[in-house]
Amino acid sequence: MYFVYAHHTFDFSKAATNRPSPIGVHNIYKHRLGLINGAPKRLWTAKFGGEHTSKRQTNFLCGVVRMNMLDSIESQVCSYVPGENCTMKHVDRSPYANYFGMFKLVELF
């Protein structure tokens with residue numbers, strides 16, 4: 001069992017004001033590398049932003065997951081304006097604005 005966590009910061013301050021406000025999306029996936037054509041399993045997701053929100057937003061996802069030897073974890077973020085493709089344009093790239101980690105939990109039973 002592992003505790004997995006990820007934090008991402010979005011900066012919507014440069015978004016155009018004459019169109020709908022961007023929406024941020026954050027997903028954490030588990031991949032099973034040993035499976036042929038195995039689709040990733042989405043563990044957690046968050047959507048935020050849109051109208052009446054602040055220009056800078058942060059998101060934190062975490063949880064406990066059982067992992068096997070060939071499994072991997074991926075944190076994925078993007079932002080989009082409804083009707084357009086997801087991009088990384090609004091993800092803050094400054095130091096310490098985004099992080100991902102995991103640690104093994106001790107099993108007592």
# chains A, B, ... in the order shown; residues from 1 in each chain; ligands from 1
>>> residues_around(residues="segment 77-80 of chain A", least_positions_apart="6", cutoff="12 Å", atoms="only C-alpha atoms", output="JSON, numbers by chain")
{"A": [6, 7, 8, 9, 10, 11, 12, 15, 19, 20, 21, 22, 23, 24, 25, 26, 27, 28, 29, 44, 45, 46, 47, 48, 49, 50, 57, 58, 59, 60, 61, 86, 87, 88, 89, 90, 91, 92, 98, 99, 100]}
>>> select_by_dssp(residues="chain A", states="strand (DSSP E)", output="PDB file with N, CA, C and O atoms, in the first residue's frame")
ATOM      1  N   TYR A   2       0.517   2.210  -0.831  1.00  0.00           N
ATOM      2  CA  TYR A   2       1.281   3.445  -0.960  1.00  0.00           C
ATOM      3  C   TYR A   2       0.352   4.649  -0.803  1.00  0.00           C
ATOM      4  O   TYR A   2      -0.792   4.623  -1.260  1.00  0.00           O
ATOM      5  N   PHE A   3       0.865   5.682  -0.177  1.00  0.00           N
ATOM      6  CA  PHE A   3       0.185   6.962  -0.114  1.00  0.00           C
ATOM      7  C   PHE A   3       0.737   7.802  -1.257  1.00  0.00           C
ATOM      8  O   PHE A   3       1.952   8.024  -1.347  1.00  0.00           O
ATOM      9  N   VAL A   4      -0.133   8.253  -2.155  1.00  0.00           N
ATOM     10  CA  VAL A   4       0.249   9.008  -3.345  1.00  0.00           C
ATOM     11  C   VAL A   4      -0.329  10.418  -3.231  1.00  0.00           C
ATOM     12  O   VAL A   4      -1.477  10.589  -2.811  1.00  0.00           O
ATOM     13  N   TYR A   5       0.466  11.430  -3.599  1.00  0.00           N
ATOM     14  CA  TYR A   5      -0.017  12.806  -3.529  1.00  0.00           C
ATOM     15  C   TYR A   5       0.550  13.626  -4.690  1.00  0.00           C
ATOM     16  O   TYR A   5       1.629  13.347  -5.190  1.00  0.00           O
ATOM     17  N   ALA A   6      -0.222  14.618  -5.121  1.00  0.00           N
ATOM     18  CA  ALA A   6       0.212  15.504  -6.202  1.00  0.00           C
ATOM     19  C   ALA A   6      -0.439  16.869  -6.009  1.00  0.00           C
ATOM     20  O   ALA A   6      -1.618  16.966  -5.655  1.00  0.00           O
ATOM     21  N   HIS A   7       0.338  17.905  -6.240  1.00  0.00           N
ATOM     22  CA  HIS A   7      -0.125  19.288  -6.107  1.00  0.00           C
ATOM     23  C   HIS A   7       0.248  20.033  -7.390  1.00  0.00           C
ATOM     24  O   HIS A   7       1.374  19.915  -7.875  1.00  0.00           O
ATOM     25  N   HIS A   8      -0.696  20.780  -7.933  1.00  0.00           N
ATOM     26  CA  HIS A   8      -0.439  21.572  -9.136  1.00  0.00           C
ATOM     27  C   HIS A   8      -1.043  22.958  -8.972  1.00  0.00           C
ATOM     28  O   HIS A   8      -2.099  23.121  -8.356  1.00  0.00           O
ATOM     29  N   THR A   9      -0.369  23.943  -9.537  1.00  0.00           N
ATOM     30  CA  THR A   9      -0.819  25.329  -9.482  1.00  0.00           C
ATOM     31  C   THR A   9      -1.141  25.802 -10.895  1.00  0.00           C
ATOM     32  O   THR A   9      -0.364  25.574 -11.818  1.00  0.00           O
ATOM     33  N   PHE A  10      -2.280  26.446 -11.033  1.00  0.00           N
ATOM     34  CA  PHE A  10      -2.720  26.996 -12.315  1.00  0.00           C
ATOM     35  C   PHE A  10      -2.775  28.516 -12.203  1.00  0.00           C
ATOM     36  O   PHE A  10      -3.207  29.052 -11.190  1.00  0.00           O
ATOM     37  N   ASP A  11      -2.334  29.195 -13.249  1.00  0.00           N
ATOM     38  CA  ASP A  11      -2.369  30.653 -13.302  1.00  0.00           C
ATOM     39  C   ASP A  11      -3.236  31.065 -14.483  1.00  0.00           C
ATOM     40  O   ASP A  11      -2.821  30.964 -15.634  1.00  0.00           O
ATOM     41  N   ILE A  23     -10.922  26.015 -17.602  1.00  0.00           N
ATOM     42  CA  ILE A  23     -11.192  25.007 -16.577  1.00  0.00           C
ATOM     43  C   ILE A  23      -9.938  24.162 -16.432  1.00  0.00           C
ATOM     44  O   ILE A  23      -9.345  23.746 -17.431  1.00  0.00           O
ATOM     45  N   GLY A  24      -9.518  23.904 -15.202  1.00  0.00           N
ATOM     46  CA  GLY A  24      -8.363  23.054 -14.935  1.00  0.00           C
ATOM     47  C   GLY A  24      -8.804  21.635 -14.640  1.00  0.00           C
ATOM     48  O   GLY A  24      -9.843  21.414 -14.016  1.00  0.00           O
ATOM     49  N   VAL A  25      -8.021  20.675 -15.091  1.00  0.00           N
ATOM     50  CA  VAL A  25      -8.305  19.259 -14.861  1.00  0.00           C
ATOM     51  C   VAL A  25      -7.041  18.594 -14.339  1.00  0.00           C
ATOM     52  O   VAL A  25      -5.951  18.816 -14.874  1.00  0.00           O
ATOM     53  N   HIS A  26      -7.189  17.788 -13.293  1.00  0.00           N
ATOM     54  CA  HIS A  26      -6.067  17.064 -12.692  1.00  0.00           C
ATOM     55  C   HIS A  26      -6.498  15.615 -12.494  1.00  0.00           C
ATOM     56  O   HIS A  26      -7.519  15.353 -11.866  1.00  0.00           O
ATOM     57  N   ASN A  27      -5.740  14.685 -13.064  1.00  0.00           N
ATOM     58  CA  ASN A  27      -6.018  13.250 -12.937  1.00  0.00           C
ATOM     59  C   ASN A  27      -4.784  12.520 -12.441  1.00  0.00           C
ATOM     60  O   ASN A  27      -3.660  12.878 -12.807  1.00  0.00           O
ATOM     61  N   ILE A  28      -4.993  11.488 -11.658  1.00  0.00           N
ATOM     62  CA  ILE A  28      -3.914  10.580 -11.279  1.00  0.00           C
ATOM     63  C   ILE A  28      -4.317   9.190 -11.771  1.00  0.00           C
ATOM     64  O   ILE A  28      -5.423   8.717 -11.491  1.00  0.00           O
ATOM     65  N   TYR A  29      -3.402   8.576 -12.543  1.00  0.00           N
ATOM     66  CA  TYR A  29      -3.643   7.272 -13.150  1.00  0.00           C
ATOM     67  C   TYR A  29      -2.680   6.229 -12.605  1.00  0.00           C
ATOM     68  O   TYR A  29      -1.553   6.540 -12.236  1.00  0.00           O
ATOM     69  N   LYS A  30      -3.147   4.980 -12.627  1.00  0.00           N
ATOM     70  CA  LYS A  30      -2.299   3.827 -12.315  1.00  0.00           C
ATOM     71  C   LYS A  30      -2.169   3.014 -13.591  1.00  0.00           C
ATOM     72  O   LYS A  30      -3.156   2.700 -14.253  1.00  0.00           O
ATOM     73  N   HIS A  31      -0.921   2.692 -13.961  1.00  0.00           N
ATOM     74  CA  HIS A  31      -0.640   1.898 -15.160  1.00  0.00           C
ATOM     75  C   HIS A  31      -0.144   0.521 -14.725  1.00  0.00           C
ATOM     76  O   HIS A  31       0.690   0.410 -13.838  1.00  0.00           O
ATOM     77  N   ARG A  32      -0.620  -0.495 -15.395  1.00  0.00           N
ATOM     78  CA  ARG A  32      -0.136  -1.855 -15.187  1.00  0.00           C
ATOM     79  C   ARG A  32       0.693  -2.211 -16.402  1.00  0.00           C
ATOM     80  O   ARG A  32       0.162  -2.511 -17.458  1.00  0.00           O
ATOM     81  N   LYS A  41      -5.780   3.070 -15.345  1.00  0.00           N
ATOM     82  CA  LYS A  41      -6.952   3.180 -14.476  1.00  0.00           C
ATOM     83  C   LYS A  41      -6.896   4.542 -13.783  1.00  0.00           C
ATOM     84  O   LYS A  41      -5.924   4.864 -13.115  1.00  0.00           O
ATOM     85  N   ARG A  42      -7.940   5.337 -13.960  1.00  0.00           N
ATOM     86  CA  ARG A  42      -7.983   6.647 -13.300  1.00  0.00           C
ATOM     87  C   ARG A  42      -8.334   6.437 -11.827  1.00  0.00           C
ATOM     88  O   ARG A  42      -9.371   5.870 -11.495  1.00  0.00           O
ATOM     89  N   LEU A  43      -7.454   6.888 -10.953  1.00  0.00           N
ATOM     90  CA  LEU A  43      -7.669   6.741  -9.517  1.00  0.00           C
ATOM     91  C   LEU A  43      -8.446   7.918  -8.941  1.00  0.00           C
ATOM     92  O   LEU A  43      -9.401   7.730  -8.192  1.00  0.00           O
ATOM     93  N   TRP A  44      -7.989   9.147  -9.247  1.00  0.00           N
ATOM     94  CA  TRP A  44      -8.615  10.344  -8.697  1.00  0.00           C
ATOM     95  C   TRP A  44      -8.639  11.428  -9.752  1.00  0.00           C
ATOM     96  O   TRP A  44      -7.761  11.505 -10.608  1.00  0.00           O
ATOM     97  N   THR A  45      -9.640  12.284  -9.663  1.00  0.00           N
ATOM     98  CA  THR A  45      -9.741  13.394 -10.616  1.00  0.00           C
ATOM     99  C   THR A  45     -10.305  14.630  -9.929  1.00  0.00           C
ATOM    100  O   THR A  45     -11.031  14.515  -8.948  1.00  0.00           O
ATOM    101  N   ALA A  46      -9.944  15.785 -10.446  1.00  0.00           N
ATOM    102  CA  ALA A  46     -10.478  17.059  -9.951  1.00  0.00           C
ATOM    103  C   ALA A  46     -10.649  17.999 -11.130  1.00  0.00           C
ATOM    104  O   ALA A  46      -9.818  18.029 -12.036  1.00  0.00           O
ATOM    105  N   LYS A  47     -11.745  18.750 -11.126  1.00  0.00           N
ATOM    106  CA  LYS A  47     -12.008  19.786 -12.122  1.00  0.00           C
ATOM    107  C   LYS A  47     -12.308  21.066 -11.372  1.00  0.00           C
ATOM    108  O   LYS A  47     -13.031  21.045 -10.378  1.00  0.00           O
ATOM    109  N   PHE A  48     -11.786  22.175 -11.842  1.00  0.00           N
ATOM    110  CA  PHE A  48     -11.995  23.434 -11.151  1.00  0.00           C
ATOM    111  C   PHE A  48     -11.801  24.583 -12.126  1.00  0.00           C
ATOM    112  O   PHE A  48     -11.318  24.384 -13.233  1.00  0.00           O
ATOM    113  N   GLY A  49     -12.180  25.760 -11.709  1.00  0.00           N
ATOM    114  CA  GLY A  49     -12.052  26.938 -12.550  1.00  0.00           C
ATOM    115  C   GLY A  49     -13.407  27.361 -13.077  1.00  0.00           C
ATOM    116  O   GLY A  49     -14.426  27.122 -12.450  1.00  0.00           O
ATOM    117  N   ARG A  56      -5.474  32.586  -9.719  1.00  0.00           N
ATOM    118  CA  ARG A  56      -4.511  31.520  -9.395  1.00  0.00           C
ATOM    119  C   ARG A  56      -5.237  30.472  -8.576  1.00  0.00           C
ATOM    120  O   ARG A  56      -5.898  30.795  -7.602  1.00  0.00           O
ATOM    121  N   GLN A  57      -5.091  29.227  -8.983  1.00  0.00           N
ATOM    122  CA  GLN A  57      -5.741  28.142  -8.256  1.00  0.00           C
ATOM    123  C   GLN A  57      -4.770  27.000  -8.054  1.00  0.00           C
ATOM    124  O   GLN A  57      -3.927  26.730  -8.911  1.00  0.00           O
ATOM    125  N   THR A  58      -4.910  26.339  -6.923  1.00  0.00           N
ATOM    126  CA  THR A  58      -4.096  25.164  -6.641  1.00  0.00           C
ATOM    127  C   THR A  58      -5.006  23.963  -6.480  1.00  0.00           C
ATOM    128  O   THR A  58      -6.186  24.098  -6.139  1.00  0.00           O
ATOM    129  N   ASN A  59      -4.440  22.808  -6.734  1.00  0.00           N
ATOM    130  CA  ASN A  59      -5.190  21.566  -6.593  1.00  0.00           C
ATOM    131  C   ASN A  59      -4.295  20.531  -5.941  1.00  0.00           C
ATOM    132  O   ASN A  59      -3.120  20.417  -6.287  1.00  0.00           O
ATOM    133  N   PHE A  60      -4.845  19.778  -4.996  1.00  0.00           N
ATOM    134  CA  PHE A  60      -4.105  18.720  -4.303  1.00  0.00           C
ATOM    135  C   PHE A  60      -4.949  17.467  -4.311  1.00  0.00           C
ATOM    136  O   PHE A  60      -6.097  17.488  -3.865  1.00  0.00           O
ATOM    137  N   LEU A  61      -4.416  16.396  -4.870  1.00  0.00           N
ATOM    138  CA  LEU A  61      -5.071  15.088  -4.852  1.00  0.00           C
ATOM    139  C   LEU A  61      -4.189  14.119  -4.085  1.00  0.00           C
ATOM    140  O   LEU A  61      -2.955  14.154  -4.215  1.00  0.00           O
ATOM    141  N   CYS A  62      -4.811  13.247  -3.305  1.00  0.00           N
ATOM    142  CA  CYS A  62      -4.033  12.234  -2.596  1.00  0.00           C
ATOM    143  C   CYS A  62      -4.932  11.043  -2.283  1.00  0.00           C
ATOM    144  O   CYS A  62      -6.154  11.144  -2.317  1.00  0.00           O
ATOM    145  N   GLY A  63      -4.290   9.925  -1.969  1.00  0.00           N
ATOM    146  CA  GLY A  63      -5.026   8.728  -1.598  1.00  0.00           C
ATOM    147  C   GLY A  63      -4.088   7.557  -1.401  1.00  0.00           C
ATOM    148  O   GLY A  63      -2.879   7.657  -1.598  1.00  0.00           O
ATOM    149  N   VAL A  64      -4.684   6.453  -1.005  1.00  0.00           N
ATOM    150  CA  VAL A  64      -3.940   5.221  -0.755  1.00  0.00           C
ATOM    151  C   VAL A  64      -4.273   4.236  -1.865  1.00  0.00           C
ATOM    152  O   VAL A  64      -5.437   4.072  -2.235  1.00  0.00           O
ATOM    153  N   VAL A  65      -3.234   3.589  -2.404  1.00  0.00           N
ATOM    154  CA  VAL A  65      -3.432   2.657  -3.508  1.00  0.00           C
ATOM    155  C   VAL A  65      -2.522   1.431  -3.309  1.00  0.00           C
ATOM    156  O   VAL A  65      -1.411   1.552  -2.818  1.00  0.00           O
ATOM    157  N   ASP A  71       3.552  -1.910 -11.644  1.00  0.00           N
ATOM    158  CA  ASP A  71       2.654  -0.759 -11.708  1.00  0.00           C
ATOM    159  C   ASP A  71       3.432   0.552 -11.692  1.00  0.00           C
ATOM    160  O   ASP A  71       4.530   0.637 -11.143  1.00  0.00           O
ATOM    161  N   SER A  72       2.846   1.568 -12.287  1.00  0.00           N
ATOM    162  CA  SER A  72       3.402   2.923 -12.205  1.00  0.00           C
ATOM    163  C   SER A  72       2.252   3.897 -11.996  1.00  0.00           C
ATOM    164  O   SER A  72       1.090   3.597 -12.289  1.00  0.00           O
ATOM    165  N   ILE A  73       2.588   5.071 -11.488  1.00  0.00           N
ATOM    166  CA  ILE A  73       1.601   6.110 -11.191  1.00  0.00           C
ATOM    167  C   ILE A  73       1.947   7.341 -12.026  1.00  0.00           C
ATOM    168  O   ILE A  73       3.116   7.686 -12.190  1.00  0.00           O
ATOM    169  N   GLU A  74       0.923   8.019 -12.534  1.00  0.00           N
ATOM    170  CA  GLU A  74       1.126   9.212 -13.350  1.00  0.00           C
ATOM    171  C   GLU A  74       0.147  10.300 -12.903  1.00  0.00           C
ATOM    172  O   GLU A  74      -1.027  10.033 -12.682  1.00  0.00           O
ATOM    173  N   SER A  75       0.652  11.504 -12.764  1.00  0.00           N
ATOM    174  CA  SER A  75      -0.185  12.673 -12.486  1.00  0.00           C
ATOM    175  C   SER A  75      -0.242  13.501 -13.759  1.00  0.00           C
ATOM    176  O   SER A  75       0.783  13.846 -14.334  1.00  0.00           O
ATOM    177  N   GLN A  76      -1.457  13.832 -14.206  1.00  0.00           N
ATOM    178  CA  GLN A  76      -1.649  14.530 -15.468  1.00  0.00           C
ATOM    179  C   GLN A  76      -2.503  15.774 -15.238  1.00  0.00           C
ATOM    180  O   GLN A  76      -3.530  15.688 -14.556  1.00  0.00           O
ATOM    181  N   VAL A  77      -2.094  16.916 -15.773  1.00  0.00           N
ATOM    182  CA  VAL A  77      -2.880  18.147 -15.650  1.00  0.00           C
ATOM    183  C   VAL A  77      -2.995  18.831 -17.002  1.00  0.00           C
ATOM    184  O   VAL A  77      -2.138  18.674 -17.871  1.00  0.00           O
ATOM    185  N   CYS A  78      -4.069  19.567 -17.165  1.00  0.00           N
ATOM    186  CA  CYS A  78      -4.241  20.403 -18.346  1.00  0.00           C
ATOM    187  C   CYS A  78      -5.341  21.414 -18.048  1.00  0.00           C
ATOM    188  O   CYS A  78      -6.030  21.322 -17.033  1.00  0.00           O
ATOM    189  N   SER A  79      -5.480  22.385 -18.921  1.00  0.00           N
ATOM    190  CA  SER A  79      -6.587  23.337 -18.814  1.00  0.00           C
ATOM    191  C   SER A  79      -7.199  23.499 -20.201  1.00  0.00           C
ATOM    192  O   SER A  79      -6.540  23.289 -21.205  1.00  0.00           O
ATOM    193  N   TYR A  80      -8.471  23.860 -20.204  1.00  0.00           N
ATOM    194  CA  TYR A  80      -9.139  24.034 -21.492  1.00  0.00           C
ATOM    195  C   TYR A  80     -10.264  25.056 -21.363  1.00  0.00           C
ATOM    196  O   TYR A  80     -10.792  25.301 -20.284  1.00  0.00           O
ATOM    197  N   TYR A  99       4.223  19.468  -7.553  1.00  0.00           N
ATOM    198  CA  TYR A  99       5.012  18.346  -7.058  1.00  0.00           C
ATOM    199  C   TYR A  99       4.165  17.082  -7.005  1.00  0.00           C
ATOM    200  O   TYR A  99       2.941  17.129  -7.017  1.00  0.00           O
ATOM    201  N   PHE A 100       4.851  15.973  -6.972  1.00  0.00           N
ATOM    202  CA  PHE A 100       4.230  14.650  -6.955  1.00  0.00           C
ATOM    203  C   PHE A 100       5.104  13.759  -6.091  1.00  0.00           C
ATOM    204  O   PHE A 100       6.331  13.877  -6.107  1.00  0.00           O
ATOM    205  N   GLY A 101       4.489  12.876  -5.327  1.00  0.00           N
ATOM    206  CA  GLY A 101       5.282  11.961  -4.518  1.00  0.00           C
ATOM    207  C   GLY A 101       4.458  10.784  -4.031  1.00  0.00           C
ATOM    208  O   GLY A 101       3.238  10.734  -4.184  1.00  0.00           O
ATOM    209  N   MET A 102       5.157   9.844  -3.458  1.00  0.00           N
ATOM    210  CA  MET A 102       4.495   8.673  -2.874  1.00  0.00           C
ATOM    211  C   MET A 102       5.433   8.038  -1.867  1.00  0.00           C
ATOM    212  O   MET A 102       6.653   8.183  -1.961  1.00  0.00           O
ATOM    213  N   PHE A 103       4.847   7.383  -0.875  1.00  0.00           N
ATOM    214  CA  PHE A 103       5.664   6.622   0.060  1.00  0.00           C
ATOM    215  C   PHE A 103       4.912   5.380   0.483  1.00  0.00           C
ATOM    216  O   PHE A 103       3.691   5.328   0.466  1.00  0.00           O
ATOM    217  N   LYS A 104       5.686   4.373   0.824  1.00  0.00           N
ATOM    218  CA  LYS A 104       5.118   3.085   1.191  1.00  0.00           C
ATOM    219  C   LYS A 104       4.590   3.141   2.616  1.00  0.00           C
ATOM    220  O   LYS A 104       5.241   3.662   3.518  1.00  0.00           O
TER     221      LYS A 104
END
>>> atom_distance(atom1="atom CA of Lys55 of chain A", atom2="atom CA of Pro95 of chain A")
18.5 Å
>>> atom_distance(atom1="atom CA of Glu107 of chain A", atom2="atom CA of Gly38 of chain A")
28.0 Å
>>> atom_distance(atom1="atom CA of Asn18 of chain A", atom2="atom CA of Ser94 of chain A")
26.6 Å
>>> closest_residue(among="A:Glu51, A:Leu33, A:Lys14, A:Leu108", to="Met67 of chain A", atoms="only C-alpha atoms")
A:Leu33
